[in-house]
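Okay, input-v4.pdb now, which holds PDB, C-alpha atoms:
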```pdb
ATOM      1  CA  MET Q 126      97.050 101.522 109.189
ATOM      2  CA  GLY Q 127      98.576  99.461 111.955
ATOM      3  CA  HIS Q 128     101.101  99.257 114.716
ATOM      4  CA  PHE Q 129     104.762  98.460 115.178
ATOM      5  CA  PRO Q 130     105.884  97.517 118.699
ATOM      6  CA  CYS Q 131     106.559 101.164 119.663
ATOM      7  CA  ALA Q 132     104.867 103.186 116.924
ATOM      8  CA  ALA Q 133     101.777 103.550 114.797
ATOM      9  CA  ALA Q 134     102.020 103.354 111.018
ATOM     10  CA  ALA Q 135     100.009 105.741 108.865
ATOM     11  CA  LEU Q 136      99.528 106.177 105.137
ATOM     12  CA  ASN Q 137      99.441 109.659 103.628
ATOM     13  CA  PRO Q 138      96.857 109.306 100.837
ATOM     14  CA  ALA Q 139      98.155 112.421  99.090
ATOM     15  CA  ASP Q 140     101.524 110.874  98.203
ATOM     16  CA  ASP Q 141     101.184 107.202  99.308
ATOM     17  CA  HIS Q 142     104.128 107.558 101.728
ATOM     18  CA  VAL Q 143     104.061 105.504 104.933
ATOM     19  CA  TYR Q 144     104.992 107.252 108.181
ATOM     20  CA  SER Q 145     105.510 106.070 111.736
ATOM     21  CA  PHE Q 146     104.511 107.981 114.840
ATOM     22  CA  SER Q 147     106.410 106.916 117.950
ATOM     23  CA  TYR Q 148     104.397 106.364 121.110
ATOM     24  CA  ASP Q 149     107.243 107.659 123.263
ATOM     25  CA  GLY Q 150     108.597 110.351 120.943
ATOM     26  CA  ASP Q 151     107.709 113.907 120.105
ATOM     27  CA  GLY Q 152     104.849 112.989 117.790
ATOM     28  CA  LYS Q 153     106.683 113.980 114.613
ATOM     29  CA  PRO Q 154     106.135 111.606 111.703
ATOM     30  CA  ILE Q 155     109.076 109.622 110.356
ATOM     31  CA  LEU Q 156     108.968 108.607 106.694
ATOM     32  CA  ILE Q 157     109.577 104.852 106.707
ATOM     33  CA  HIS Q 158     108.370 103.664 103.273
ATOM     34  CA  ARG Q 159     107.941 105.245  99.874
ATOM     35  CA  ASP Q 160     104.567 103.494  99.432
ATOM     36  CA  LEU Q 161     102.306 100.751 100.728
ATOM     37  CA  GLU Q 162     103.867  98.163  98.420
ATOM     38  CA  SER Q 163     107.260  98.784 100.012
ATOM     39  CA  LEU Q 164     105.811  98.348 103.516
ATOM     40  CA  VAL Q 165     104.209  95.035 102.585
ATOM     41  CA  ARG Q 166     107.348  93.820 100.820
ATOM     42  CA  SER Q 167     109.483  94.793 103.837
ATOM     43  CA  LEU Q 168     107.199  92.925 106.240
ATOM     44  CA  ILE Q 169     107.290  89.824 104.036
ATOM     45  CA  THR Q 170     111.089  90.109 103.869
ATOM     46  CA  LEU Q 171     111.224  90.337 107.677
ATOM     47  CA  LYS Q 172     108.994  87.262 108.027
ATOM     48  CA  HIS Q 173     111.109  85.210 105.602
ATOM     49  CA  PHE Q 174     114.323  86.352 107.287
ATOM     50  CA  CYS Q 175     113.035  85.271 110.716
ATOM     51  CA  GLU Q 176     111.997  81.877 109.327
ATOM     52  CA  GLU Q 177     115.415  81.402 107.693
ATOM     53  CA  ARG Q 178     117.203  82.457 110.873
ATOM     54  CA  GLU Q 179     115.364  79.767 112.855
ATOM     55  CA  GLU Q 180     116.954  77.223 110.516
ATOM     56  CA  ASN Q 181     120.353  78.949 110.336
ATOM     57  CA  GLU Q 182     121.396  80.858 113.463
ATOM     58  CA  ASP Q 183     124.560  82.020 111.663
ATOM     59  CA  LEU Q 184     122.490  84.173 109.299
ATOM     60  CA  SER Q 185     123.650  87.718 109.986
ATOM     61  CA  PRO Q 186     121.065  90.356 110.918
ATOM     62  CA  GLU Q 187     122.827  92.599 108.404
ATOM     63  CA  GLU Q 188     121.308  90.351 105.724
ATOM     64  CA  LEU Q 189     117.855  91.646 106.685
ATOM     65  CA  ARG Q 190     118.963  95.243 106.238
ATOM     66  CA  THR Q 191     120.606  94.398 102.897
ATOM     67  CA  ARG Q 192     117.470  92.706 101.591
ATOM     68  CA  VAL Q 193     115.184  95.595 102.541
ATOM     69  CA  ASP Q 194     117.653  98.229 101.302
ATOM     70  CA  SER Q 195     117.681  96.519  97.887
ATOM     71  CA  PHE Q 196     114.174  97.833  97.169
ATOM     72  CA  ASP Q 197     113.683 100.696  99.667
ATOM     73  CA  ARG Q 198     116.353 102.580 101.631
ATOM     74  CA  LEU Q 199     113.856 104.544 103.735
ATOM     75  CA  PRO Q 200     113.139 101.987 106.497
ATOM     76  CA  PHE Q 201     116.657 102.259 107.960
ATOM     77  CA  SER Q 202     117.483 105.825 106.906
ATOM     78  CA  GLU Q 203     116.334 107.551 110.127
ATOM     79  CA  GLU Q 204     117.976 106.577 113.400
ATOM     80  CA  ALA Q 205     114.628 106.907 115.199
ATOM     81  CA  SER Q 206     112.862 104.658 112.666
ATOM     82  CA  GLU Q 207     110.894 101.746 114.072
ATOM     83  CA  TRP Q 208     112.783  99.526 111.621
ATOM     84  CA  ASN Q 209     116.056 100.387 113.364
ATOM     85  CA  ARG Q 210     114.500  99.507 116.724
ATOM     86  CA  MET Q 211     113.354  96.150 115.368
ATOM     87  CA  TYR Q 212     116.757  95.589 113.769
ATOM     88  CA  GLU Q 213     118.444  96.060 117.165
ATOM     89  CA  GLU Q 214     116.056  93.477 118.610
ATOM     90  CA  VAL Q 215     117.012  91.064 115.818
ATOM     91  CA  VAL Q 216     120.711  91.664 116.595
ATOM     92  CA  ASP Q 217     120.059  91.081 120.313
ATOM     93  CA  GLY Q 218     118.099  87.891 119.592
ATOM     94  CA  ILE Q 219     114.845  89.299 121.005
ATOM     95  CA  PHE Q 220     112.873  89.463 117.757
TER      96      PHE Q 220
END
```

structure tokens encoding of this file:
Amino acid sequence: MGHFPCAAAALNPADDHVYSFSYDGDGKPILIHRDLESLVRSLITLKHFCEEREENEDLSPEELRTRVDSFDRLPFSEEASEWNRMYEEVVDGIF
């Protein structure tokens, strides 16, 4: 389907779940979204959050996690999830 900075994203057509496969990991899939709609909604939420944060540097990165968790808890549920890596970059001011 596409790529995150350190992983590939793939859709399982049998159940519509979205998985990531880390480039530097063991190759095991990590469930990151319940369906394609959730992936798209999460990416739009990330984009809007980044735009808002440019205007308001005091906006907490935790707000991003809260917004995504409100419609899908999977992106941040696995420690090795690409979403957690991106979140750390948001916290560190890299992303």

- Message: On this structure, the PyMOL selection byres ((chain Q and resi 126-143) around 10) would catch which residues? List them as a ChimeraX atom specification, sorted by chain and number.
- Response: /Q:144-150,152,154-164,199-200,206-208,210-211

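Ranking Q:Leu168, Q:Asp151, Q:Ser202, Q:Val216 by their shortest atom-to-atom distance to Q:Glu188, with all atoms listed in the file included, puts Q:Val216 first.
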
- Item | Pick from Q:Arg190, Q:Phe196, Q:Cys175, Q:Glu204 nearest to Q:Ile219, counting only C-alpha atoms | Q:Cys175

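Across the model, the gap from atom CA of Q:Leu184 to atom CA of Q:Glu203 is 24.2 Å.
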
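Put simply, atom CA of Q:Pro186 is 7.4 Å away from atom CA of Q:Tyr212.
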
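Atom CA of Q:Ile169 to atom CA of Q:Arg198 spans 15.8 Å [interatomic distance, one decimal].
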
Using only the atoms of stretch 129-141 of chain Q listed in the file, plus 3 Å on each side, state the axis-aligned box centre and edge lengths in Å rounded to one decimal, as AutoDock Vina command-line options.
```
--center_x 101.7 --center_y 105.0 --center_z 108.9 --size_x 15.7 --size_y 20.9 --size_z 27.5
```

- Task: Please provide as a ChimeraX atom specification all residues within 12 Å of Q:Glu182, with the sequence filter that same-chain residues fewer than 5 positions apart are discarded (counting all atoms listed in the file).
- Result: /Q:174-177,215-216,218

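Among the candidates Q:Asp197, Q:Ala205, Q:Lys153, Q:Glu213, the residue lying nearest to Q:Val165 is Q:Asp197 (atoms considered: all atoms listed in the file).
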
Once N, CA and C atoms are restored for stretch 183-207 of chain Q, what would the output be as a CSV table (one decimal), in the frame of the given file?
```
chain,number,residue,atom,x,y,z
Q,183,ASP,N,123.4,81.3,112.1
Q,183,ASP,CA,124.6,82.0,111.7
Q,183,ASP,C,124.2,83.1,110.7
Q,184,LEU,N,122.9,83.2,110.2
Q,184,LEU,CA,122.5,84.2,109.3
Q,184,LEU,C,122.6,85.5,110.0
Q,185,SER,N,123.4,86.4,109.4
Q,185,SER,CA,123.6,87.7,110.0
Q,185,SER,C,122.4,88.6,109.9
Q,186,PRO,N,122.1,89.4,111.0
Q,186,PRO,CA,121.1,90.4,110.9
Q,186,PRO,C,121.3,91.4,109.8
Q,187,GLU,N,122.5,91.6,109.5
Q,187,GLU,CA,122.8,92.6,108.4
Q,187,GLU,C,122.2,92.2,107.1
Q,188,GLU,N,122.0,90.9,106.9
Q,188,GLU,CA,121.3,90.4,105.7
Q,188,GLU,C,119.9,90.9,105.6
Q,189,LEU,N,119.2,91.1,106.7
Q,189,LEU,CA,117.9,91.6,106.7
Q,189,LEU,C,117.9,93.1,106.1
Q,190,ARG,N,118.8,93.8,106.7
Q,190,ARG,CA,119.0,95.2,106.2
Q,190,ARG,C,119.3,95.3,104.7
Q,191,THR,N,120.2,94.4,104.3
Q,191,THR,CA,120.6,94.4,102.9
Q,191,THR,C,119.4,94.1,102.0
Q,192,ARG,N,118.6,93.1,102.4
Q,192,ARG,CA,117.5,92.7,101.6
Q,192,ARG,C,116.5,93.8,101.5
Q,193,VAL,N,116.2,94.5,102.6
Q,193,VAL,CA,115.2,95.6,102.5
Q,193,VAL,C,115.8,96.8,101.8
Q,194,ASP,N,117.0,97.1,102.0
Q,194,ASP,CA,117.7,98.2,101.3
Q,194,ASP,C,117.7,98.0,99.8
Q,195,SER,N,117.6,96.8,99.3
Q,195,SER,CA,117.7,96.5,97.9
Q,195,SER,C,116.5,97.1,97.1
Q,196,PHE,N,115.3,97.3,97.8
Q,196,PHE,CA,114.2,97.8,97.2
Q,196,PHE,C,113.7,99.1,97.8
Q,197,ASP,N,114.1,99.4,99.0
Q,197,ASP,CA,113.7,100.7,99.7
Q,197,ASP,C,114.7,101.0,100.8
Q,198,ARG,N,115.4,102.2,100.6
Q,198,ARG,CA,116.4,102.6,101.6
Q,198,ARG,C,115.7,103.4,102.8
Q,199,LEU,N,114.5,103.7,102.7
Q,199,LEU,CA,113.9,104.5,103.7
Q,199,LEU,C,113.7,103.9,105.1
Q,200,PRO,N,113.4,102.6,105.2
Q,200,PRO,CA,113.1,102.0,106.5
Q,200,PRO,C,114.3,102.2,107.5
Q,201,PHE,N,115.5,102.2,107.1
Q,201,PHE,CA,116.7,102.3,108.0
Q,201,PHE,C,117.4,103.6,107.9
Q,202,SER,N,116.8,104.6,107.1
Q,202,SER,CA,117.5,105.8,106.9
Q,202,SER,C,117.5,106.8,108.1
Q,203,GLU,N,116.4,106.7,108.9
Q,203,GLU,CA,116.3,107.6,110.1
Q,203,GLU,C,116.7,106.7,111.4
Q,204,GLU,N,117.6,107.3,112.2
Q,204,GLU,CA,118.0,106.6,113.4
Q,204,GLU,C,116.8,106.2,114.3
Q,205,ALA,N,115.8,107.1,114.3
Q,205,ALA,CA,114.6,106.9,115.2
Q,205,ALA,C,113.6,106.0,114.6
Q,206,SER,N,113.8,105.5,113.4
Q,206,SER,CA,112.9,104.7,112.7
Q,206,SER,C,112.6,103.4,113.5
Q,207,GLU,N,111.3,103.0,113.4
Q,207,GLU,CA,110.9,101.7,114.1
Q,207,GLU,C,111.6,100.5,113.5
```
